[in-house]
>>> print(open('start.pdb').read())   # PDB, C-alpha atoms, pLDDT in the B column
ATOM      1  CA  MET O   1      17.701   6.963  -9.064  1.00 66.00           C
ATOM      2  CA  HIS O   2      17.119   4.078 -11.442  1.00 76.00           C
ATOM      3  CA  PRO O   3      13.535   4.278 -12.746  1.00 78.00           C
ATOM      4  CA  GLU O   4      14.478   2.067 -15.716  1.00 79.00           C
ATOM      5  CA  LEU O   5      16.491  -1.008 -14.753  1.00 81.00           C
ATOM      6  CA  ILE O   6      16.895  -2.950 -17.979  1.00 81.00           C
ATOM      7  CA  GLN O   7      16.262  -2.163 -21.642  1.00 81.00           C
ATOM      8  CA  ILE O   8      15.779  -5.239 -23.853  1.00 81.00           C
ATOM      9  CA  GLY O   9      15.007  -4.098 -27.375  1.00 78.00           C
ATOM     10  CA  PRO O  10      11.647  -2.324 -27.280  1.00 79.00           C
ATOM     11  CA  PHE O  11      10.919  -3.627 -23.777  1.00 82.00           C
ATOM     12  CA  THR O  12      11.829  -1.752 -20.606  1.00 82.00           C
ATOM     13  CA  ILE O  13      11.819  -3.187 -17.094  1.00 83.00           C
ATOM     14  CA  TYR O  14      10.906  -0.421 -14.665  1.00 85.00           C
ATOM     15  CA  ALA O  15      12.055  -0.403 -11.042  1.00 86.00           C
ATOM     16  CA  TRP O  16       8.623   0.229  -9.556  1.00 87.00           C
ATOM     17  CA  GLY O  17       6.989  -2.433 -11.705  1.00 87.00           C
ATOM     18  CA  LEU O  18       9.650  -4.979 -10.784  1.00 91.00           C
ATOM     19  CA  MET O  19       9.224  -4.271  -7.074  1.00 93.00           C
ATOM     20  CA  LEU O  20       5.452  -4.561  -7.421  1.00 91.00           C
ATOM     21  CA  ALA O  21       5.839  -7.902  -9.205  1.00 93.00           C
ATOM     22  CA  LEU O  22       8.109  -9.142  -6.404  1.00 95.00           C
ATOM     23  CA  ALA O  23       5.564  -8.032  -3.795  1.00 95.00           C
ATOM     24  CA  VAL O  24       2.771  -9.844  -5.670  1.00 94.00           C
ATOM     25  CA  ILE O  25       4.772 -13.087  -5.929  1.00 95.00           C
ATOM     26  CA  LEU O  26       5.653 -13.025  -2.234  1.00 96.00           C
ATOM     27  CA  GLY O  27       2.043 -12.224  -1.368  1.00 95.00           C
ATOM     28  CA  ILE O  28       0.760 -15.203  -3.357  1.00 96.00           C
ATOM     29  CA  LEU O  29       3.305 -17.599  -1.880  1.00 96.00           C
ATOM     30  CA  GLY O  30       2.727 -16.319   1.645  1.00 96.00           C
ATOM     31  CA  LEU O  31      -1.054 -16.444   1.458  1.00 96.00           C
ATOM     32  CA  GLN O  32      -0.874 -19.933  -0.025  1.00 96.00           C
ATOM     33  CA  TYR O  33       1.231 -20.995   2.973  1.00 96.00           C
ATOM     34  CA  TYR O  34      -1.350 -19.666   5.421  1.00 96.00           C
ATOM     35  CA  PHE O  35      -4.182 -21.212   3.393  1.00 96.00           C
ATOM     36  CA  ARG O  36      -2.531 -24.620   3.568  1.00 95.00           C
ATOM     37  CA  GLN O  37      -2.207 -24.260   7.337  1.00 93.00           C
ATOM     38  CA  SER O  38      -5.937 -23.551   7.565  1.00 92.00           C
ATOM     39  CA  ALA O  39      -6.931 -26.312   5.112  1.00 92.00           C
ATOM     40  CA  TYR O  40      -8.213 -23.827   2.517  1.00 94.00           C
ATOM     41  CA  ASN O  41      -7.720 -24.294  -1.209  1.00 94.00           C
ATOM     42  CA  LYS O  42      -4.307 -22.696  -1.856  1.00 92.00           C
ATOM     43  CA  GLU O  43      -5.298 -21.863  -5.446  1.00 94.00           C
ATOM     44  CA  TRP O  44      -7.784 -19.358  -4.061  1.00 95.00           C
ATOM     45  CA  ALA O  45      -4.835 -17.336  -2.789  1.00 95.00           C
ATOM     46  CA  ILE O  46      -3.782 -16.604  -6.375  1.00 95.00           C
ATOM     47  CA  ASP O  47      -7.280 -15.399  -7.249  1.00 95.00           C
ATOM     48  CA  ILE O  48      -7.415 -13.164  -4.170  1.00 96.00           C
ATOM     49  CA  ILE O  49      -4.047 -11.482  -4.737  1.00 95.00           C
ATOM     50  CA  LEU O  50      -4.614 -10.890  -8.457  1.00 94.00           C
ATOM     51  CA  LEU O  51      -8.115  -9.529  -7.896  1.00 95.00           C
ATOM     52  CA  MET O  52      -6.831  -7.227  -5.168  1.00 94.00           C
ATOM     53  CA  ILE O  53      -4.019  -5.953  -7.387  1.00 92.00           C
ATOM     54  CA  ALA O  54      -6.432  -5.236 -10.256  1.00 91.00           C
ATOM     55  CA  GLY O  55      -8.912  -3.506  -7.972  1.00 92.00           C
ATOM     56  CA  GLY O  56      -6.177  -1.742  -6.045  1.00 90.00           C
ATOM     57  CA  VAL O  57      -4.471  -0.221  -9.078  1.00 87.00           C
ATOM     58  CA  THR O  58      -7.827   0.898 -10.476  1.00 87.00           C
ATOM     59  CA  GLY O  59      -8.853   2.450  -7.163  1.00 88.00           C
ATOM     60  CA  ALA O  60      -5.463   4.124  -6.692  1.00 85.00           C
ATOM     61  CA  ARG O  61      -5.603   5.661 -10.172  1.00 82.00           C
ATOM     62  CA  MET O  62      -9.209   6.746  -9.763  1.00 84.00           C
ATOM     63  CA  LEU O  63      -8.523   8.592  -6.510  1.00 84.00           C
ATOM     64  CA  TYR O  64      -5.432  10.206  -8.026  1.00 80.00           C
ATOM     65  CA  ILE O  65      -7.484  11.530 -10.924  1.00 80.00           C
ATOM     66  CA  LEU O  66     -10.246  12.767  -8.600  1.00 81.00           C
ATOM     67  CA  LEU O  67      -7.736  14.690  -6.488  1.00 77.00           C
ATOM     68  CA  TYR O  68      -5.175  15.893  -9.044  1.00 75.00           C
ATOM     69  CA  GLN O  69      -6.521  15.530 -12.589  1.00 72.00           C
ATOM     70  CA  ARG O  70     -10.283  15.834 -12.254  1.00 72.00           C
ATOM     71  CA  ASP O  71     -10.613  17.478 -15.656  1.00 72.00           C
ATOM     72  CA  LEU O  72      -9.518  14.210 -17.297  1.00 66.00           C
ATOM     73  CA  LEU O  73     -12.768  12.553 -16.201  1.00 65.00           C
ATOM     74  CA  PHE O  74     -14.599  14.745 -18.700  1.00 67.00           C
ATOM     75  CA  SER O  75     -11.992  15.482 -21.350  1.00 67.00           C
ATOM     76  CA  HIS O  76     -10.428  12.020 -21.507  1.00 66.00           C
ATOM     77  CA  PRO O  77     -12.356   9.452 -19.394  1.00 63.00           C
ATOM     78  CA  THR O  78     -10.299   6.528 -20.742  1.00 62.00           C
ATOM     79  CA  ALA O  79      -7.255   7.992 -18.945  1.00 59.00           C
ATOM     80  CA  LEU O  80      -8.179   5.853 -15.950  1.00 60.00           C
ATOM     81  CA  PHE O  81      -7.085   2.760 -17.854  1.00 58.00           C
ATOM     82  CA  SER O  82      -4.067   4.265 -19.607  1.00 54.00           C
ATOM     83  CA  SER O  83      -0.786   4.105 -17.686  1.00 46.00           C
ATOM     84  CA  CYS O  84       0.770   6.696 -19.991  1.00 42.00           C
ATOM     85  CA  GLU O  85      -1.855   9.234 -18.903  1.00 40.00           C
ATOM     86  CA  ILE O  86      -1.444   8.687 -15.175  1.00 38.00           C
ATOM     87  CA  SER O  87       1.562   9.910 -13.253  1.00 49.00           C
ATOM     88  CA  GLY O  88       0.643   8.611  -9.826  1.00 68.00           C
ATOM     89  CA  LEU O  89      -1.292   6.282  -7.577  1.00 77.00           C
ATOM     90  CA  ILE O  90      -2.757   6.908  -4.127  1.00 82.00           C
ATOM     91  CA  TRP O  91      -2.495   4.192  -1.484  1.00 82.00           C
ATOM     92  CA  TYR O  92      -5.847   4.834   0.186  1.00 83.00           C
ATOM     93  CA  GLY O  93      -7.646   4.594  -3.128  1.00 86.00           C
ATOM     94  CA  GLY O  94      -5.808   1.343  -3.730  1.00 88.00           C
ATOM     95  CA  VAL O  95      -6.993  -0.066  -0.402  1.00 90.00           C
ATOM     96  CA  LEU O  96     -10.622   0.755  -1.145  1.00 91.00           C
ATOM     97  CA  GLY O  97     -10.302  -0.574  -4.679  1.00 91.00           C
ATOM     98  CA  ALA O  98      -8.764  -3.830  -3.449  1.00 93.00           C
ATOM     99  CA  LEU O  99     -11.409  -4.422  -0.773  1.00 94.00           C
ATOM    100  CA  VAL O 100     -14.262  -4.457  -3.296  1.00 95.00           C
ATOM    101  CA  PRO O 101     -13.189  -7.576  -5.270  1.00 95.00           C
ATOM    102  CA  LEU O 102     -11.881  -9.133  -2.046  1.00 96.00           C
ATOM    103  CA  ALA O 103     -15.305  -8.850  -0.390  1.00 96.00           C
ATOM    104  CA  TRP O 104     -16.954 -10.317  -3.484  1.00 97.00           C
ATOM    105  CA  TYR O 105     -14.541 -13.252  -3.632  1.00 96.00           C
ATOM    106  CA  LEU O 106     -14.755 -14.039   0.087  1.00 96.00           C
ATOM    107  CA  ARG O 107     -18.525 -14.156  -0.189  1.00 95.00           C
ATOM    108  CA  ARG O 108     -18.345 -16.350  -3.278  1.00 95.00           C
ATOM    109  CA  ARG O 109     -16.005 -18.862  -1.626  1.00 95.00           C
ATOM    110  CA  ASN O 110     -17.628 -18.552   1.796  1.00 95.00           C
ATOM    111  CA  LEU O 111     -14.310 -17.626   3.401  1.00 95.00           C
ATOM    112  CA  PRO O 112     -14.236 -15.917   6.834  1.00 95.00           C
ATOM    113  CA  ALA O 113     -13.451 -12.239   6.230  1.00 96.00           C
ATOM    114  CA  LEU O 114     -11.588 -11.390   9.442  1.00 96.00           C
ATOM    115  CA  ILE O 115      -9.448 -14.530   9.370  1.00 96.00           C
ATOM    116  CA  THR O 116      -8.536 -13.912   5.729  1.00 97.00           C
ATOM    117  CA  LEU O 117      -7.662 -10.285   6.491  1.00 97.00           C
ATOM    118  CA  ASP O 118      -5.376 -11.516   9.281  1.00 97.00           C
ATOM    119  CA  MET O 119      -3.601 -13.734   6.759  1.00 98.00           C
ATOM    120  CA  LEU O 120      -3.237 -10.869   4.301  1.00 97.00           C
ATOM    121  CA  ALA O 121      -1.995  -8.215   6.742  1.00 97.00           C
ATOM    122  CA  PRO O 122       1.660  -9.308   7.238  1.00 98.00           C
ATOM    123  CA  TRP O 123       2.198  -9.893   3.535  1.00 97.00           C
ATOM    124  CA  THR O 124       0.553  -6.587   2.675  1.00 96.00           C
ATOM    125  CA  ALA O 125       2.946  -4.769   5.019  1.00 97.00           C
ATOM    126  CA  LEU O 126       5.898  -6.597   3.505  1.00 97.00           C
ATOM    127  CA  GLY O 127       4.748  -5.917  -0.057  1.00 95.00           C
ATOM    128  CA  TYR O 128       4.137  -2.263   0.727  1.00 95.00           C
ATOM    129  CA  GLY O 129       7.704  -1.900   1.958  1.00 96.00           C
ATOM    130  CA  ILE O 130       9.056  -3.534  -1.184  1.00 96.00           C
ATOM    131  CA  THR O 131       7.036  -1.276  -3.496  1.00 93.00           C
ATOM    132  CA  ARG O 132       8.226   1.790  -1.561  1.00 94.00           C
ATOM    133  CA  ILE O 133      11.774   0.801  -2.498  1.00 94.00           C
ATOM    134  CA  GLY O 134      10.515   0.873  -6.079  1.00 91.00           C
ATOM    135  CA  CYS O 135       9.206   4.387  -5.444  1.00 91.00           C
ATOM    136  CA  TYR O 136      12.651   5.448  -4.240  1.00 92.00           C
ATOM    137  CA  MET O 137      14.306   4.000  -7.337  1.00 91.00           C
ATOM    138  CA  ALA O 138      11.715   5.670  -9.576  1.00 88.00           C
ATOM    139  CA  GLY O 139      12.077   9.030  -7.823  1.00 87.00           C
ATOM    140  CA  CYS O 140       8.406   9.442  -6.876  1.00 87.00           C
ATOM    141  CA  CYS O 141       6.716   9.979  -3.482  1.00 86.00           C
ATOM    142  CA  TYR O 142       9.684  12.081  -2.380  1.00 91.00           C
ATOM    143  CA  GLY O 143      10.007  14.306   0.673  1.00 93.00           C
ATOM    144  CA  LYS O 144      10.307  18.006   1.386  1.00 93.00           C
ATOM    145  CA  ALA O 145      13.569  19.917   1.022  1.00 94.00           C
ATOM    146  CA  ALA O 146      16.090  18.737   3.627  1.00 95.00           C
ATOM    147  CA  PRO O 147      19.586  19.525   4.910  1.00 94.00           C
ATOM    148  CA  ALA O 148      22.284  17.981   2.725  1.00 93.00           C
ATOM    149  CA  ALA O 149      23.330  15.595   5.517  1.00 91.00           C
ATOM    150  CA  LEU O 150      19.798  14.162   5.733  1.00 92.00           C
ATOM    151  CA  GLY O 151      18.676  14.448   2.144  1.00 93.00           C
ATOM    152  CA  VAL O 152      18.937  12.807  -1.243  1.00 93.00           C
ATOM    153  CA  VAL O 153      18.824  14.483  -4.646  1.00 93.00           C
ATOM    154  CA  PHE O 154      16.131  13.167  -6.990  1.00 91.00           C
ATOM    155  CA  PRO O 155      17.309  14.240 -10.471  1.00 88.00           C
ATOM    156  CA  VAL O 156      13.924  13.463 -12.015  1.00 83.00           C
ATOM    157  CA  VAL O 157      12.430  16.134  -9.721  1.00 85.00           C
ATOM    158  CA  ASP O 158      15.023  18.886  -9.192  1.00 88.00           C
ATOM    159  CA  ASN O 159      18.482  19.484  -7.724  1.00 90.00           C
ATOM    160  CA  LEU O 160      17.357  19.992  -4.139  1.00 93.00           C
ATOM    161  CA  TYR O 161      18.223  17.668  -1.274  1.00 95.00           C
ATOM    162  CA  ARG O 162      15.009  16.013  -0.115  1.00 95.00           C
ATOM    163  CA  TYR O 163      14.025  13.635   2.669  1.00 95.00           C
ATOM    164  CA  PRO O 164      13.987  10.055   1.294  1.00 95.00           C
ATOM    165  CA  THR O 165      10.521   9.401   2.688  1.00 95.00           C
ATOM    166  CA  GLN O 166      10.170   6.319   0.488  1.00 95.00           C
ATOM    167  CA  LEU O 167      12.953   4.651   2.488  1.00 96.00           C
ATOM    168  CA  TYR O 168      11.367   5.743   5.768  1.00 96.00           C
ATOM    169  CA  SER O 169       8.141   4.090   4.628  1.00 96.00           C
ATOM    170  CA  ALA O 170       9.928   0.945   3.486  1.00 97.00           C
ATOM    171  CA  GLY O 171      11.933   0.532   6.695  1.00 97.00           C
ATOM    172  CA  ILE O 172       8.962   1.054   9.004  1.00 97.00           C
ATOM    173  CA  SER O 173       6.812  -1.263   6.884  1.00 97.00           C
ATOM    174  CA  PHE O 174       9.395  -4.041   7.186  1.00 98.00           C
ATOM    175  CA  LEU O 175       9.449  -3.602  10.971  1.00 98.00           C
ATOM    176  CA  LEU O 176       5.655  -3.615  11.059  1.00 98.00           C
ATOM    177  CA  ALA O 177       5.573  -6.742   8.886  1.00 98.00           C
ATOM    178  CA  ALA O 178       7.983  -8.512  11.276  1.00 98.00           C
ATOM    179  CA  ALA O 179       5.721  -7.633  14.215  1.00 98.00           C
ATOM    180  CA  LEU O 180       2.655  -8.909  12.362  1.00 98.00           C
ATOM    181  CA  PHE O 181       4.346 -12.195  11.412  1.00 98.00           C
ATOM    182  CA  ARG O 182       5.169 -12.674  15.081  1.00 98.00           C
ATOM    183  CA  LEU O 183       1.641 -11.790  16.172  1.00 98.00           C
ATOM    184  CA  TYR O 184      -0.171 -13.989  13.648  1.00 97.00           C
ATOM    185  CA  PRO O 185       0.306 -17.369  15.426  1.00 96.00           C
ATOM    186  CA  ARG O 186      -0.387 -15.659  18.782  1.00 96.00           C
ATOM    187  CA  ARG O 187      -3.531 -13.764  17.802  1.00 96.00           C
ATOM    188  CA  ARG O 188      -6.313 -13.796  20.375  1.00 95.00           C
ATOM    189  CA  PHE O 189      -9.304 -13.070  18.147  1.00 96.00           C
ATOM    190  CA  PRO O 190     -10.110 -12.959  14.404  1.00 96.00           C
ATOM    191  CA  GLY O 191      -9.167  -9.614  12.949  1.00 96.00           C
ATOM    192  CA  GLN O 192      -6.496  -8.775  15.526  1.00 98.00           C
ATOM    193  CA  VAL O 193      -3.568  -8.895  13.093  1.00 98.00           C
ATOM    194  CA  PHE O 194      -5.409  -6.825  10.514  1.00 97.00           C
ATOM    195  CA  LEU O 195      -6.441  -4.182  13.066  1.00 98.00           C
ATOM    196  CA  VAL O 196      -2.899  -3.936  14.443  1.00 98.00           C
ATOM    197  CA  TYR O 197      -1.674  -3.396  10.893  1.00 98.00           C
ATOM    198  CA  ALA O 198      -4.286  -0.707  10.282  1.00 97.00           C
ATOM    199  CA  MET O 199      -3.329   1.128  13.480  1.00 98.00           C
ATOM    200  CA  GLY O 200       0.399   0.733  12.870  1.00 97.00           C
ATOM    201  CA  TYR O 201       0.128   1.955   9.302  1.00 97.00           C
ATOM    202  CA  ALA O 202      -1.964   4.943  10.369  1.00 97.00           C
ATOM    203  CA  VAL O 203       0.546   6.015  13.034  1.00 97.00           C
ATOM    204  CA  TYR O 204       3.583   5.671  10.793  1.00 96.00           C
ATOM    205  CA  ARG O 205       1.889   7.367   7.812  1.00 95.00           C
ATOM    206  CA  PHE O 206       0.793  10.297   9.971  1.00 96.00           C
ATOM    207  CA  ALA O 207       4.389  10.767  11.168  1.00 95.00           C
ATOM    208  CA  VAL O 208       6.093  10.367   7.776  1.00 95.00           C
ATOM    209  CA  GLU O 209       3.724  12.882   6.191  1.00 94.00           C
ATOM    210  CA  PHE O 210       5.468  15.683   8.122  1.00 94.00           C
ATOM    211  CA  PHE O 211       8.545  15.037   5.947  1.00 94.00           C
ATOM    212  CA  ARG O 212       6.805  14.183   2.680  1.00 92.00           C
ATOM    213  CA  LYS O 213       6.070  16.661  -0.097  1.00 88.00           C
ATOM    214  CA  ASN O 214       2.293  17.098  -0.263  1.00 78.00           C
ATOM    215  CA  SER O 215       0.061  18.928  -2.709  1.00 69.00           C
ATOM    216  CA  ILE O 216      -3.173  18.793  -0.707  1.00 77.00           C
ATOM    217  CA  ILE O 217      -3.073  20.487   2.690  1.00 83.00           C
ATOM    218  CA  ILE O 218      -6.193  20.908   4.812  1.00 83.00           C
ATOM    219  CA  GLY O 219      -5.515  23.307   7.657  1.00 82.00           C
ATOM    220  CA  CYS O 220      -2.295  22.226   9.365  1.00 87.00           C
ATOM    221  CA  PHE O 221      -2.326  18.663   8.060  1.00 91.00           C
ATOM    222  CA  SER O 222      -2.104  16.833   4.764  1.00 90.00           C
ATOM    223  CA  TYR O 223      -4.999  14.932   3.254  1.00 87.00           C
ATOM    224  CA  ALA O 224      -3.181  11.657   4.014  1.00 90.00           C
ATOM    225  CA  GLN O 225      -2.742  12.598   7.695  1.00 94.00           C
ATOM    226  CA  ILE O 226      -6.452  13.252   8.107  1.00 94.00           C
ATOM    227  CA  VAL O 227      -7.304   9.903   6.526  1.00 93.00           C
ATOM    228  CA  ALA O 228      -4.681   8.220   8.718  1.00 95.00           C
ATOM    229  CA  ALA O 229      -6.209   9.742  11.854  1.00 96.00           C
ATOM    230  CA  VAL O 230      -9.686   8.523  10.890  1.00 96.00           C
ATOM    231  CA  LEU O 231      -8.285   5.073  10.076  1.00 96.00           C
ATOM    232  CA  PHE O 232      -6.564   4.845  13.467  1.00 97.00           C
ATOM    233  CA  ILE O 233      -9.675   5.878  15.388  1.00 98.00           C
ATOM    234  CA  CYS O 234     -11.844   3.338  13.552  1.00 97.00           C
ATOM    235  CA  ALA O 235      -9.322   0.497  13.907  1.00 97.00           C
ATOM    236  CA  ALA O 236      -8.703   1.270  17.583  1.00 97.00           C
ATOM    237  CA  GLY O 237     -12.439   1.306  18.222  1.00 97.00           C
ATOM    238  CA  PHE O 238     -12.926  -2.113  16.657  1.00 96.00           C
ATOM    239  CA  TYR O 239      -9.854  -3.449  18.462  1.00 97.00           C
ATOM    240  CA  TYR O 240     -11.250  -2.338  21.814  1.00 96.00           C
ATOM    241  CA  LYS O 241     -14.646  -3.845  20.971  1.00 94.00           C
ATOM    242  CA  TYR O 242     -13.209  -7.229  19.989  1.00 92.00           C
ATOM    243  CA  THR O 243     -10.810  -7.277  22.947  1.00 92.00           C
ATOM    244  CA  LYS O 244     -13.695  -6.779  25.375  1.00 85.00           C
ATOM    245  CA  ALA O 245     -15.546  -9.661  23.744  1.00 79.00           C
ATOM    246  CA  VAL O 246     -12.688 -12.148  24.220  1.00 72.00           C
TER     247      VAL O 246
END
>>> encode(input="start.pdb", output="structure tokens")
Amino acid sequence: MHPELIQIGPFTIYAWGLMLALAVILGILGLQYYFRQSAYNKEWAIDIILLMIAGGVTGARMLYILLYQRDLLFSHPTALFSSCEISGLIWYGGVLGALVPLAWYLRRRNLPALITLDMLAPWTALGYGITRIGCYMAGCCYGKAAPAALGVVFPVVDNLYRYPTQLYSAGISFLLAAALFRLYPRRRFPGQVFLVYAMGYAVYRFAVEFFRKNSIIIGCFSYAQIVAAVLFICAAGFYYKYTKAV
């Protein structure tokens, strides 16, 4: 694992942060490309990505605190904005946090929501895969104990062999991104690319969770699997509705 890549004096470049920065840059460039194709102001793409990142990180931290460190809300409420106090982020909280400023900005600029979400979906899948590589390098989001032939040791955690679920997530996300890039110019209705991403993410996340180390288990499934199942049902329902309307 290489959680810290480069040390320059008092400054440290962290693997996860570098991967996130790369994902953000690619997201901005990619969304600008799609905006130019649709005759939208390409500068709006920068605003959208940055607002989504700010809202996403806040939402991801907030959900993490609510699930794992709820006492901090009362004993140290400023922990939400302090990276040194937070040891994790939760993807679903990030999605909800990102959608809030996105909805506000789309309304302000009078941009079509479903079409914009279609533009965002492939780059979101690609960026997610890149940041999961950062998770692997940082040694977080690891899997359950595994046979030596199938596992990786994460020294920052323990000396056990564990499933490298971060790499599973990254690889599947790259495949999903490739499918979405191919679908985008062939989409049949606004929102199709976004809904395919939502369904694809839900299916893959549900499967990977069987190998991932989880702290919150509800019955036979993890919290993330239950959310993934609800996400798939909702996305599939909308997909069927829009398909019938075409």
>>> closest_residue(input="start.pdb", among="O:Thr12, O:Gln7, O:Gln37, O:Gln225", to="Met119 in chain O", atoms="all atoms listed in the file")
O:Gln37
>>> closest_residue(input="start.pdb", among="O:Leu5, O:Gln192, O:Gly17, O:Gly219", to="Tyr240 in chain O", atoms="all atoms listed in the file")
O:Gln192
>>> closest_atom_pairs(input="start.pdb", of="range 207-244 of chain O", to="range 138-159 of chain O", cutoff="6 Å", atoms="all atoms listed in the file", output="JSON lines")
{"residue": "O:Phe211", "atom": "CA", "partner": "O:Gly143", "partner_atom": "CA", "distance": 5.5}
{"residue": "O:Arg212", "atom": "CA", "partner": "O:Gly143", "partner_atom": "CA", "distance": 3.8}
{"residue": "O:Lys213", "atom": "CA", "partner": "O:Gly143", "partner_atom": "CA", "distance": 4.7}
>>> closest_residue(input="start.pdb", among="O:Pro3, O:Leu111, O:Tyr239, O:Val203", to="Ala39 in chain O", atoms="all atoms listed in the file")
O:Leu111
>>> atom_distance(input="start.pdb", atom1="CA of Leu67 in chain O", atom2="CA of Phe174 in chain O")
28.8 Å
>>> atom_distance(input="start.pdb", atom1="CA of Arg36 in chain O", atom2="CA of Thr131 in chain O")
26.2 Å
>>> atom_distance(input="start.pdb", atom1="CA of Val57 in chain O", atom2="CA of Leu20 in chain O")
11.0 Å
>>> axis_aligned_box(input="start.pdb", around="range 93-99 of chain O", padding_each_side="4 Å", output="lines of an AutoDock Vina configuration file")
center_x = -8.6
center_y = 0.1
center_z = -2.5
size_x = 13.6
size_y = 17.0
size_z = 12.3
>>> residues_around(input="start.pdb", residues="Phe189 in chain O", least_positions_apart="4", cutoff="12 Å", atoms="all atoms listed in the file", output="VMD selection string")
chain O and resid 114 to 115 118 183 to 185 193 to 196 238 to 246
>>> closest_residue(input="start.pdb", among="O:Ile133, O:Ile233, O:Leu63, O:Ala103", to="Tyr168 in chain O", atoms="only C-alpha atoms")
O:Ile133
>>> resolve_selection(input="start.pdb", expression="the PyMOL selection byres ((chain O and resi 42-52) around 12)", output="CSV table (one decimal) with C-alpha atoms, in the frame of the given file")
chain,number,residue,atom,x,y,z
O,20,LEU,CA,5.5,-4.6,-7.4
O,21,ALA,CA,5.8,-7.9,-9.2
O,23,ALA,CA,5.6,-8.0,-3.8
O,24,VAL,CA,2.8,-9.8,-5.7
O,25,ILE,CA,4.8,-13.1,-5.9
O,26,LEU,CA,5.7,-13.0,-2.2
O,27,GLY,CA,2.0,-12.2,-1.4
O,28,ILE,CA,0.8,-15.2,-3.4
O,29,LEU,CA,3.3,-17.6,-1.9
O,30,GLY,CA,2.7,-16.3,1.6
O,31,LEU,CA,-1.1,-16.4,1.5
O,32,GLN,CA,-0.9,-19.9,0.0
O,33,TYR,CA,1.2,-21.0,3.0
O,34,TYR,CA,-1.4,-19.7,5.4
O,35,PHE,CA,-4.2,-21.2,3.4
O,36,ARG,CA,-2.5,-24.6,3.6
O,37,GLN,CA,-2.2,-24.3,7.3
O,38,SER,CA,-5.9,-23.6,7.6
O,39,ALA,CA,-6.9,-26.3,5.1
O,40,TYR,CA,-8.2,-23.8,2.5
O,41,ASN,CA,-7.7,-24.3,-1.2
O,53,ILE,CA,-4.0,-6.0,-7.4
O,54,ALA,CA,-6.4,-5.2,-10.3
O,55,GLY,CA,-8.9,-3.5,-8.0
O,56,GLY,CA,-6.2,-1.7,-6.0
O,57,VAL,CA,-4.5,-0.2,-9.1
O,58,THR,CA,-7.8,0.9,-10.5
O,59,GLY,CA,-8.9,2.4,-7.2
O,60,ALA,CA,-5.5,4.1,-6.7
O,94,GLY,CA,-5.8,1.3,-3.7
O,95,VAL,CA,-7.0,-0.1,-0.4
O,96,LEU,CA,-10.6,0.8,-1.1
O,97,GLY,CA,-10.3,-0.6,-4.7
O,98,ALA,CA,-8.8,-3.8,-3.4
O,99,LEU,CA,-11.4,-4.4,-0.8
O,100,VAL,CA,-14.3,-4.5,-3.3
O,101,PRO,CA,-13.2,-7.6,-5.3
O,102,LEU,CA,-11.9,-9.1,-2.0
O,103,ALA,CA,-15.3,-8.8,-0.4
O,104,TRP,CA,-17.0,-10.3,-3.5
O,105,TYR,CA,-14.5,-13.3,-3.6
O,106,LEU,CA,-14.8,-14.0,0.1
O,107,ARG,CA,-18.5,-14.2,-0.2
O,108,ARG,CA,-18.3,-16.4,-3.3
O,109,ARG,CA,-16.0,-18.9,-1.6
O,110,ASN,CA,-17.6,-18.6,1.8
O,111,LEU,CA,-14.3,-17.6,3.4
O,116,THR,CA,-8.5,-13.9,5.7
O,117,LEU,CA,-7.7,-10.3,6.5
O,119,MET,CA,-3.6,-13.7,6.8
O,120,LEU,CA,-3.2,-10.9,4.3
O,123,TRP,CA,2.2,-9.9,3.5
O,124,THR,CA,0.6,-6.6,2.7
O,127,GLY,CA,4.7,-5.9,-0.1
>>> resolve_selection(input="start.pdb", expression="the PyMOL selection byres ((chain O and resi 221-224) around 12)", output="ChimeraX atom specification")
/O:67,90-93,201-220,225-231
>>> closest_residue(input="start.pdb", among="O:Gly129, O:Pro10, O:Pro122, O:Gly191", to="Ile172 in chain O", atoms="all atoms listed in the file")
O:Gly129
>>> closest_residue(input="start.pdb", among="O:Gly237, O:Pro190, O:Gly171, O:Gly9", to="Ile130 in chain O", atoms="only C-alpha atoms")
O:Gly171
>>> decode(input="start.pdb", residues="range 105-130 of chain O", atoms="C-alpha atoms", output="PDB file, in the first residue's frame")
ATOM      1  CA  TYR O 105     -27.447  24.787 -10.488  1.00  0.00           C
ATOM      2  CA  LEU O 106     -29.489  23.102 -13.224  1.00  0.00           C
ATOM      3  CA  ARG O 107     -32.498  25.147 -12.190  1.00  0.00           C
ATOM      4  CA  ARG O 108     -30.445  28.335 -12.105  1.00  0.00           C
ATOM      5  CA  ARG O 109     -29.036  27.783 -15.601  1.00  0.00           C
ATOM      6  CA  ASN O 110     -32.243  26.264 -16.961  1.00  0.00           C
ATOM      7  CA  LEU O 111     -30.416  23.111 -18.039  1.00  0.00           C
ATOM      8  CA  PRO O 112     -32.376  19.896 -18.765  1.00  0.00           C
ATOM      9  CA  ALA O 113     -31.857  17.579 -15.787  1.00  0.00           C
ATOM     10  CA  LEU O 114     -32.090  14.184 -17.499  1.00  0.00           C
ATOM     11  CA  ILE O 115     -29.861  15.180 -20.413  1.00  0.00           C
ATOM     12  CA  THR O 116     -27.252  16.589 -18.031  1.00  0.00           C
ATOM     13  CA  LEU O 117     -27.372  13.424 -15.917  1.00  0.00           C
ATOM     14  CA  ASP O 118     -26.767  11.393 -19.085  1.00  0.00           C
ATOM     15  CA  MET O 119     -23.670  13.486 -19.758  1.00  0.00           C
ATOM     16  CA  LEU O 120     -22.425  13.020 -16.206  1.00  0.00           C
ATOM     17  CA  ALA O 121     -22.998   9.260 -15.921  1.00  0.00           C
ATOM     18  CA  PRO O 122     -20.052   7.896 -17.984  1.00  0.00           C
ATOM     19  CA  TRP O 123     -17.574  10.278 -16.392  1.00  0.00           C
ATOM     20  CA  THR O 124     -18.915   9.513 -12.930  1.00  0.00           C
ATOM     21  CA  ALA O 125     -18.366   5.788 -13.523  1.00  0.00           C
ATOM     22  CA  LEU O 126     -14.859   6.456 -14.789  1.00  0.00           C
ATOM     23  CA  GLY O 127     -14.032   8.763 -11.879  1.00  0.00           C
ATOM     24  CA  TYR O 128     -15.414   6.277  -9.379  1.00  0.00           C
ATOM     25  CA  GLY O 129     -13.110   3.589 -10.734  1.00  0.00           C
ATOM     26  CA  ILE O 130     -10.114   5.898 -10.486  1.00  0.00           C
TER      27      ILE O 130
END
